[in-house]
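Enquirer: What follows is the file data-v3.pdb, containing PDB, C-alpha atoms and all ligand atoms:
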ATOM      1  CA  MET A  17      73.815 167.714  64.904  1.00  0.00           C
ATOM      2  CA  LEU A  18      72.235 165.207  62.563  1.00  0.00           C
ATOM      3  CA  VAL A  19      73.780 165.056  59.100  1.00  0.00           C
ATOM      4  CA  ILE A  20      71.595 164.156  56.131  1.00  0.00           C
ATOM      5  CA  CYS A  21      73.150 163.105  52.842  1.00  0.00           C
ATOM      6  CA  CYS A  22      71.410 164.993  50.036  1.00  0.00           C
ATOM      7  CA  PRO A  23      71.595 162.798  46.913  1.00  0.00           C
ATOM      8  CA  TYR A  24      72.490 165.925  44.924  1.00  0.00           C
ATOM      9  CA  CYS A  25      74.787 167.864  47.305  1.00  0.00           C
ATOM     10  CA  GLY A  26      76.230 165.293  49.690  1.00  0.00           C
ATOM     11  CA  PRO A  27      76.277 165.391  53.511  1.00  0.00           C
ATOM     12  CA  ARG A  28      74.681 168.534  54.939  1.00  0.00           C
ATOM     13  CA  PRO A  29      73.384 169.611  58.372  1.00  0.00           C
ATOM     14  CA  GLU A  30      69.815 168.667  59.268  1.00  0.00           C
ATOM     15  CA  LEU A  31      68.896 172.354  59.647  1.00  0.00           C
ATOM     16  CA  GLU A  32      69.064 172.757  55.867  1.00  0.00           C
ATOM     17  CA  PHE A  33      66.232 170.276  55.309  1.00  0.00           C
ATOM     18  CA  SER A  34      62.488 170.379  55.718  1.00  0.00           C
ATOM     19  CA  TYR A  35      60.140 167.422  56.088  1.00  0.00           C
ATOM     20  CA  GLY A  36      57.386 167.269  53.503  1.00  0.00           C
ATOM     21  CA  HIS A  37      55.174 164.210  53.723  1.00  0.00           C
ATOM     22  CA  GLU A  38      55.085 160.489  53.122  1.00  0.00           C
ATOM     23  CA  ALA A  39      56.941 159.456  49.961  1.00  0.00           C
ATOM     24  CA  HIS A  40      55.601 157.426  47.067  1.00  0.00           C
ATOM     25  CA  ILE A  41      52.039 158.764  47.181  1.00  0.00           C
ATOM     26  CA  ALA A  42      50.685 158.287  43.680  1.00  0.00           C
ATOM     27  CA  ARG A  43      48.414 161.034  42.442  1.00  0.00           C
ATOM     28  CA  PRO A  44      45.204 159.869  40.813  1.00  0.00           C
ATOM     29  CA  ALA A  45      45.433 159.857  37.029  1.00  0.00           C
ATOM     30  CA  ASP A  46      42.079 161.623  36.752  1.00  0.00           C
ATOM     31  CA  PRO A  47      40.938 163.195  40.047  1.00  0.00           C
ATOM     32  CA  SER A  48      37.511 163.976  38.594  1.00  0.00           C
ATOM     33  CA  LEU A  49      36.756 160.243  38.613  1.00  0.00           C
ATOM     34  CA  LEU A  50      37.173 159.936  42.393  1.00  0.00           C
ATOM     35  CA  ASN A  51      34.245 160.084  44.752  1.00  0.00           C
ATOM     36  CA  ASP A  52      34.469 162.139  47.948  1.00  0.00           C
ATOM     37  CA  GLN A  53      35.649 159.199  50.054  1.00  0.00           C
ATOM     38  CA  GLU A  54      38.440 158.283  47.617  1.00  0.00           C
ATOM     39  CA  TRP A  55      39.527 161.920  47.353  1.00  0.00           C
ATOM     40  CA  ALA A  56      39.603 162.303  51.129  1.00  0.00           C
ATOM     41  CA  GLU A  57      41.671 159.130  51.454  1.00  0.00           C
ATOM     42  CA  PHE A  58      44.149 160.409  48.855  1.00  0.00           C
ATOM     43  CA  LEU A  59      44.477 163.762  50.618  1.00  0.00           C
ATOM     44  CA  TYR A  60      44.521 162.751  54.261  1.00  0.00           C
ATOM     45  CA  ILE A  61      45.066 159.056  54.889  1.00  0.00           C
ATOM     46  CA  ARG A  62      48.720 158.173  55.418  1.00  0.00           C
ATOM     47  CA  THR A  63      50.571 155.303  56.973  1.00  0.00           C
ATOM     48  CA  ASN A  64      52.078 155.888  60.382  1.00  0.00           C
ATOM     49  CA  PRO A  65      54.439 152.992  60.958  1.00  0.00           C
ATOM     50  CA  ARG A  66      56.674 152.393  63.918  1.00  0.00           C
ATOM     51  CA  GLY A  67      59.891 151.559  62.129  1.00  0.00           C
ATOM     52  CA  VAL A  68      61.191 152.345  58.671  1.00  0.00           C
ATOM     53  CA  HIS A  69      59.160 154.959  56.838  1.00  0.00           C
ATOM     54  CA  ALA A  70      59.740 156.447  53.374  1.00  0.00           C
ATOM     55  CA  GLU A  71      59.437 160.227  53.548  1.00  0.00           C
ATOM     56  CA  ARG A  72      59.669 163.143  51.123  1.00  0.00           C
ATOM     57  CA  TRP A  73      62.000 165.885  52.315  1.00  0.00           C
ATOM     58  CA  ARG A  74      63.305 169.042  50.696  1.00  0.00           C
ATOM     59  CA  HIS A  75      66.803 170.490  50.859  1.00  0.00           C
ATOM     60  CA  ILE A  76      65.234 173.870  51.308  1.00  0.00           C
ATOM     61  CA  HIS A  77      68.372 175.789  52.393  1.00  0.00           C
ATOM     62  CA  GLY A  78      70.615 174.056  49.882  1.00  0.00           C
ATOM     63  CA  CYS A  79      69.869 172.968  46.352  1.00  0.00           C
ATOM     64  CA  GLY A  80      66.111 173.297  46.918  1.00  0.00           C
ATOM     65  CA  ARG A  81      65.413 169.882  45.455  1.00  0.00           C
ATOM     66  CA  PHE A  82      63.137 167.197  46.856  1.00  0.00           C
ATOM     67  CA  LEU A  83      64.577 163.899  48.036  1.00  0.00           C
ATOM     68  CA  ASN A  84      63.317 160.711  49.626  1.00  0.00           C
ATOM     69  CA  VAL A  85      64.476 159.587  53.038  1.00  0.00           C
ATOM     70  CA  LEU A  86      64.160 156.216  54.728  1.00  0.00           C
ATOM     71  CA  ARG A  87      63.861 157.036  58.419  1.00  0.00           C
ATOM     72  CA  ASP A  88      63.271 154.771  61.387  1.00  0.00           C
ATOM     73  CA  THR A  89      60.485 156.511  63.276  1.00  0.00           C
ATOM     74  CA  ALA A  90      61.302 154.659  66.497  1.00  0.00           C
ATOM     75  CA  SER A  91      64.942 155.761  66.686  1.00  0.00           C
ATOM     76  CA  ASP A  92      64.783 158.850  64.404  1.00  0.00           C
ATOM     77  CA  GLN A  93      67.745 157.357  62.552  1.00  0.00           C
ATOM     78  CA  ILE A  94      68.007 158.164  58.852  1.00  0.00           C
ATOM     79  CA  LEU A  95      68.919 154.938  57.081  1.00  0.00           C
ATOM     80  CA  GLN A  96      69.190 156.097  53.496  1.00  0.00           C
ATOM     81  CA  THR A  97      68.413 158.962  51.134  1.00  0.00           C
ATOM     82  CA  TYR A  98      67.638 158.617  47.444  1.00  0.00           C
ATOM     83  CA  GLU A  99      66.420 160.668  44.517  1.00  0.00           C
ATOM     84  CA  THR A 100      62.735 161.249  43.928  1.00  0.00           C
ATOM     85  CA  GLY A 101      61.305 159.325  41.010  1.00  0.00           C
ATOM     86  CA  THR A 102      63.190 156.185  41.970  1.00  0.00           C
ATOM     87  CA  THR A 103      61.774 153.153  43.745  1.00  0.00           C
ATOM     88  CA  ARG A 104      62.099 152.673  47.457  1.00  0.00           C
ATOM     89  CA  PRO A 105      65.210 150.617  48.160  1.00  0.00           C
ATOM     90  CA  ALA A 106      64.977 147.527  50.332  1.00  0.00           C
ATOM     91  CA  THR A 107      66.462 147.980  53.769  1.00  0.00           C
ATOM     92  CA  GLN A 108      68.663 145.675  55.744  1.00  0.00           C
ATOM     93  CA  ARG A 109      65.952 145.476  58.415  1.00  0.00           C
ATOM     94  CA  GLY A 110      63.757 143.216  56.321  1.00  0.00           C
ATOM     95  CA  GLU A 111      61.243 145.727  54.980  1.00  0.00           C
ATOM     96  CA  ALA A 112      60.469 145.015  51.371  1.00  0.00           C
ATOM     97  CA  ALA A 113      60.664 147.697  48.715  1.00  0.00           C
ATOM     98  CA  ARG A 114      57.311 149.073  47.610  1.00  0.00           C
TER
HETATM   99 ZN    ZN B 201      70.818 169.281  48.040  1.00  0.00          ZN
END
Show this structure as structure tokens.
Ligand SMILES: [Zn+2]

Expert:
Amino acid sequence: MLVICCPYCGPRPELEFSYGHEAHIARPADPSLLNDQEWAEFLYIRTNPRGVHAERWRHIHGCGRFLNVLRDTASDQILQTYETGTTRPATQRGEAAR
């Protein structure tokens, strides 16, 4: 079983977590200023990289808090977890923080 390290609770079984969506999606400051195309892009357009991807997960059967996960989509390996509201850490695989 895969073990994910919740930044608030520590190592826990994968079954306690739920995937949410891509991490670090900034909400528009004033959505009423967006046209339909910009709103659609905010709602639906996401990156889909092969390699390291920053994702928002929730420890739904634990503390209930949201967390960010750096996961390699090619190997399904979780490289790092970190608290929401913090910047994406650089990885050892050469991907820059964003
Ligand atoms: Zn937790």

Enquirer: Using all atoms listed in the file, which residues have at least one atom no more than 6 Å from ligand ZN 201 (chain B)? Output them as an MDAnalysis selection string.

Expert: chainID A and resid 22 24:25 75 78:79

Enquirer: For the PyMOL selection byres (((chain A and resi 36-46) around 7) and not hetatm), applied here, can you spell out every residue it catches as a list in words?

Expert: Ser34, Tyr35, Pro47, Ser48, Leu49, Ala70, Glu71, Arg72, Trp73, Arg74 and Asn84 of chain A

Enquirer: Starting from the shown file, work through the PyMOL selection byres (((chain A and resi 103) around 10) and not hetatm) and note down what comes out as a list in words.

Expert: His40, Asn84, Tyr98, Glu99, Thr100, Gly101, Thr102, Arg104, Pro105, Ala106, Ala113 and Arg114 of chain A

Enquirer: So how far away is CA of Gln96 (chain A) from CA of His77 (chain A), in Å?

Expert: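 For CA of His77 (chain A) relative to CA of Gln96 (chain A), the distance reads 19.7 Å.
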
Enquirer: Would you work out the distance separating CA of Glu30 (chain A) from CA of His69 (chain A), expressed in Å to one decimal?

Expert: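 Between these atoms lies a distance of 17.5 Å.
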
Enquirer: Just how far from CA of Leu95 (chain A) is CA of Gly26 (chain A), in Å to one decimal?

Expert: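 These atoms are spaced 14.7 Å apart.
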
Enquirer: Which of these, A:Ala56, A:Leu83, A:Ile94, A:Ile76, has the shortest distance to Leu31 (chain A) once you count all atoms listed in the file?

Expert: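 Selected residue with least distance to Leu31 (chain A): A:Ile76.
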
Enquirer: Between A:Leu50, A:Pro65, A:Thr107, A:Leu18, which is the closest to Ala90 (chain A) once you count all atoms listed in the file?

Expert: A:Pro65
